[in-house]
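Chemist: Mind having a look at this structure? Questions to follow.
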Amino acid sequence: MFSSSALRVVESTSSRLVIVDPPNYLLGAILLIVGILIGGFLLKFKGQANLRLMLIVLVPLFIGAIGFVTSSTVVELSKASNNLTISRRRFGFTQSASVTPFSSLRFATVETSRGARRLALITNSGGVLHPSGAAARGGEYEAANAINDFLGVQAPR
């Protein structure tokens with residue numbers, strides 16, 4: 001069975017907080033199943049045009065599925081470095097980490113829109129950092145509360 005795709009706090013100490021936004025296994029599995037069903041349907045009606053159509057339709061579905069199951073984000077807050085570090089991995093490749101000093105952060109909150117939620121870190125300049133994508137996978141409120149507790153701030157209501 002697939003592990004949960006919800007955001008989760010994996011380490012919470014007085015000096016360090018680590019939150020993981022794991023791969024979205026459910027969405028990847030759905031894309032894979034849809035691709036297999038479409039491929040089976042197109043194979044039933046053999047022909048040269050269907051082979052090209054299969055490639056045009058299936059390749060993006062399979063690439064998307066691979067992207068969803070190999071992408072993750074780690075949010076680390078460290079009092080030793082006094083920084084927030086966001087490390088992203090896409091298609092198995094690690095992108096350069098985004099580092100933001102604590103002095104630039106005001107609070108963490110959860111943005112909601114059309115049933116989707118995402119963790120948002122509000123900066124002193126009014127900017128917004130989004131360490132995770134918009135979805136309804138769960139764990140966003142717990143992550144925001146953990147960040148605010150770690151920073152010693154309270155999000156406005």
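Here, A, B, ... name the chains of the structure tokens in the order displayed, residue numbers run from 1 inside each chain, and ligands are numbered from 1 in the same displayed order.
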Identify, with DSSP run on backbone atoms, the residues in chain A assigned to alpha helix (DSSP H), and express the list as a ChimeraX atom specification.
Modeler: /A:25-44,48-70,140-151
Chemist: Find the residues around A:Ser104 up to 9 Å (only C-alpha atoms counted), leave out those fewer than 6 positions away in its own chain, and share them as a VMD selection string.
Modeler: chain A and resid 122 to 125
Chemist: Once you have the residues from the selection above, write them out as a short mmCIF file (atom, residue, chain, number, x, y, z; two decimals), in the first residue's frame, restricted to C-alpha atoms.
Modeler:
data_model
loop_
_atom_site.label_atom_id
_atom_site.label_comp_id
_atom_site.auth_asym_id
_atom_site.auth_seq_id
_atom_site.Cartn_x
_atom_site.Cartn_y
_atom_site.Cartn_z
CA ILE A 122 4.55 35.03 5.14
CA THR A 123 7.66 37.22 5.07
CA ASN A 124 8.20 40.64 6.65
CA SER A 125 8.16 42.24 3.21
#
Chemist: Set the distance at 8 Å and use only C-alpha atoms: which residues neighbour A:Phe62 once local chain neighbours fewer than 3 positions away are removed? I'd like the list as a ChimeraX atom specification.
Modeler: /A:31-32,35,58-59,65-66
Chemist: As a VMD selection string, please: the residues near A:Arg157 (cut-off 12 Å, only C-alpha atoms, same-chain neighbours under 3 positions excluded).
Modeler: chain A and resid 107 to 110 154
Chemist: Restricted to N, CA, C and O atoms, what would the selected residues look like written as a PDB file, in the first residue's frame?
Modeler:
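File produced: selection28.pdb:
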ATOM      1  N   PHE A 107       5.196  34.671   9.933  1.00  0.00           N
ATOM      2  CA  PHE A 107       4.416  33.550  10.452  1.00  0.00           C
ATOM      3  C   PHE A 107       4.092  32.584   9.320  1.00  0.00           C
ATOM      4  O   PHE A 107       4.301  32.884   8.145  1.00  0.00           O
ATOM      5  N   ALA A 108       3.578  31.424   9.706  1.00  0.00           N
ATOM      6  CA  ALA A 108       3.113  30.421   8.737  1.00  0.00           C
ATOM      7  C   ALA A 108       1.603  30.336   8.815  1.00  0.00           C
ATOM      8  O   ALA A 108       1.011  30.496   9.883  1.00  0.00           O
ATOM      9  N   THR A 109       0.977  30.095   7.683  1.00  0.00           N
ATOM     10  CA  THR A 109      -0.474  29.953   7.631  1.00  0.00           C
ATOM     11  C   THR A 109      -0.828  28.944   6.549  1.00  0.00           C
ATOM     12  O   THR A 109       0.059  28.419   5.864  1.00  0.00           O
ATOM     13  N   VAL A 110      -2.105  28.687   6.399  1.00  0.00           N
ATOM     14  CA  VAL A 110      -2.575  27.782   5.359  1.00  0.00           C
ATOM     15  C   VAL A 110      -3.507  28.568   4.450  1.00  0.00           C
ATOM     16  O   VAL A 110      -4.476  29.169   4.913  1.00  0.00           O
ATOM     17  N   GLN A 154       2.536  33.825  16.588  1.00  0.00           N
ATOM     18  CA  GLN A 154       1.167  33.362  16.424  1.00  0.00           C
ATOM     19  C   GLN A 154       0.621  33.963  15.149  1.00  0.00           C
ATOM     20  O   GLN A 154       0.758  35.172  14.919  1.00  0.00           O
TER      21      GLN A 154
END
Chemist: Looking at only C-alpha atoms, which of A:Asn82, A:Thr13, A:Thr100, A:Asn24 is the one that sits closest to A:Leu129?
Modeler: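 Closest to A:Leu129, using only C-alpha atoms: A:Thr100.
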Chemist: Could you please write out, as a PyMOL selection string, every residue of chain A that DSSP assigns to strand (DSSP E or B)?
Modeler: chain A and resi 8-12+16-21+72-78+83-90+93-94+98-101+105-113+116-123+128-129+135
Chemist: Those selected residues, please, written with C-alpha atoms and delivered as a tab-separated table (two decimals), in the first residue's frame.
Modeler:
chain	number	residue	atom	x	y	z
A	8	ARG	CA	4.14	15.64	8.16
A	9	VAL	CA	6.44	16.86	10.87
A	10	VAL	CA	9.25	14.29	11.03
A	11	GLU	CA	11.45	16.02	13.62
A	12	SER	CA	10.52	18.58	16.21
A	16	ARG	CA	15.35	21.93	14.79
A	17	LEU	CA	12.06	21.38	12.96
A	18	VAL	CA	11.79	19.24	9.83
A	19	ILE	CA	8.62	18.98	7.73
A	20	VAL	CA	8.35	16.68	4.71
A	21	ASP	CA	6.00	17.08	1.76
A	72	SER	CA	9.24	15.78	-2.60
A	73	THR	CA	10.06	18.83	-0.50
A	74	VAL	CA	11.83	19.09	2.86
A	75	VAL	CA	11.37	22.21	5.00
A	76	GLU	CA	13.99	22.56	7.73
A	77	LEU	CA	14.11	25.25	10.38
A	78	SER	CA	17.34	25.31	12.38
A	83	ASN	CA	17.58	29.81	8.77
A	84	LEU	CA	14.66	28.21	7.01
A	85	THR	CA	15.87	25.86	4.28
A	86	ILE	CA	13.53	24.50	1.60
A	87	SER	CA	14.98	21.60	-0.41
A	88	ARG	CA	13.05	20.33	-3.42
A	89	ARG	CA	13.51	17.15	-5.39
A	90	ARG	CA	11.81	16.82	-8.79
A	93	PHE	CA	16.94	15.44	-9.04
A	94	THR	CA	17.63	17.77	-6.12
A	98	SER	CA	16.21	28.00	-0.86
A	99	VAL	CA	17.52	29.58	2.35
A	100	THR	CA	15.63	32.31	4.22
A	101	PRO	CA	16.77	33.81	7.54
A	105	LEU	CA	9.72	35.41	8.43
A	106	ARG	CA	6.56	36.69	10.12
A	107	PHE	CA	4.42	33.55	10.45
A	108	ALA	CA	3.11	30.42	8.74
A	109	THR	CA	-0.47	29.95	7.63
A	110	VAL	CA	-2.57	27.78	5.36
A	111	GLU	CA	-4.07	29.22	2.18
A	112	THR	CA	-7.32	27.69	0.97
A	113	SER	CA	-8.89	27.91	-2.45
A	116	ALA	CA	-7.30	22.88	-1.94
A	117	ARG	CA	-4.91	23.88	0.82
A	118	ARG	CA	-1.27	24.83	0.87
A	119	LEU	CA	1.26	25.85	3.44
A	120	ALA	CA	2.29	29.50	3.14
A	121	LEU	CA	5.13	31.28	4.93
A	122	ILE	CA	4.55	35.03	5.14
A	123	THR	CA	7.66	37.22	5.07
A	128	VAL	CA	4.78	34.50	0.42
A	129	LEU	CA	6.89	31.33	0.31
A	135	ALA	CA	-3.81	20.04	-2.68
Chemist: Go through A:Phe91, A:Phe68, A:Phe45, A:Phe150 one by one, measure the shortest atom-to-atom distance of each to A:Ser5 using only C-alpha atoms, and give the residue with the smallest value.
Modeler: A:Phe68
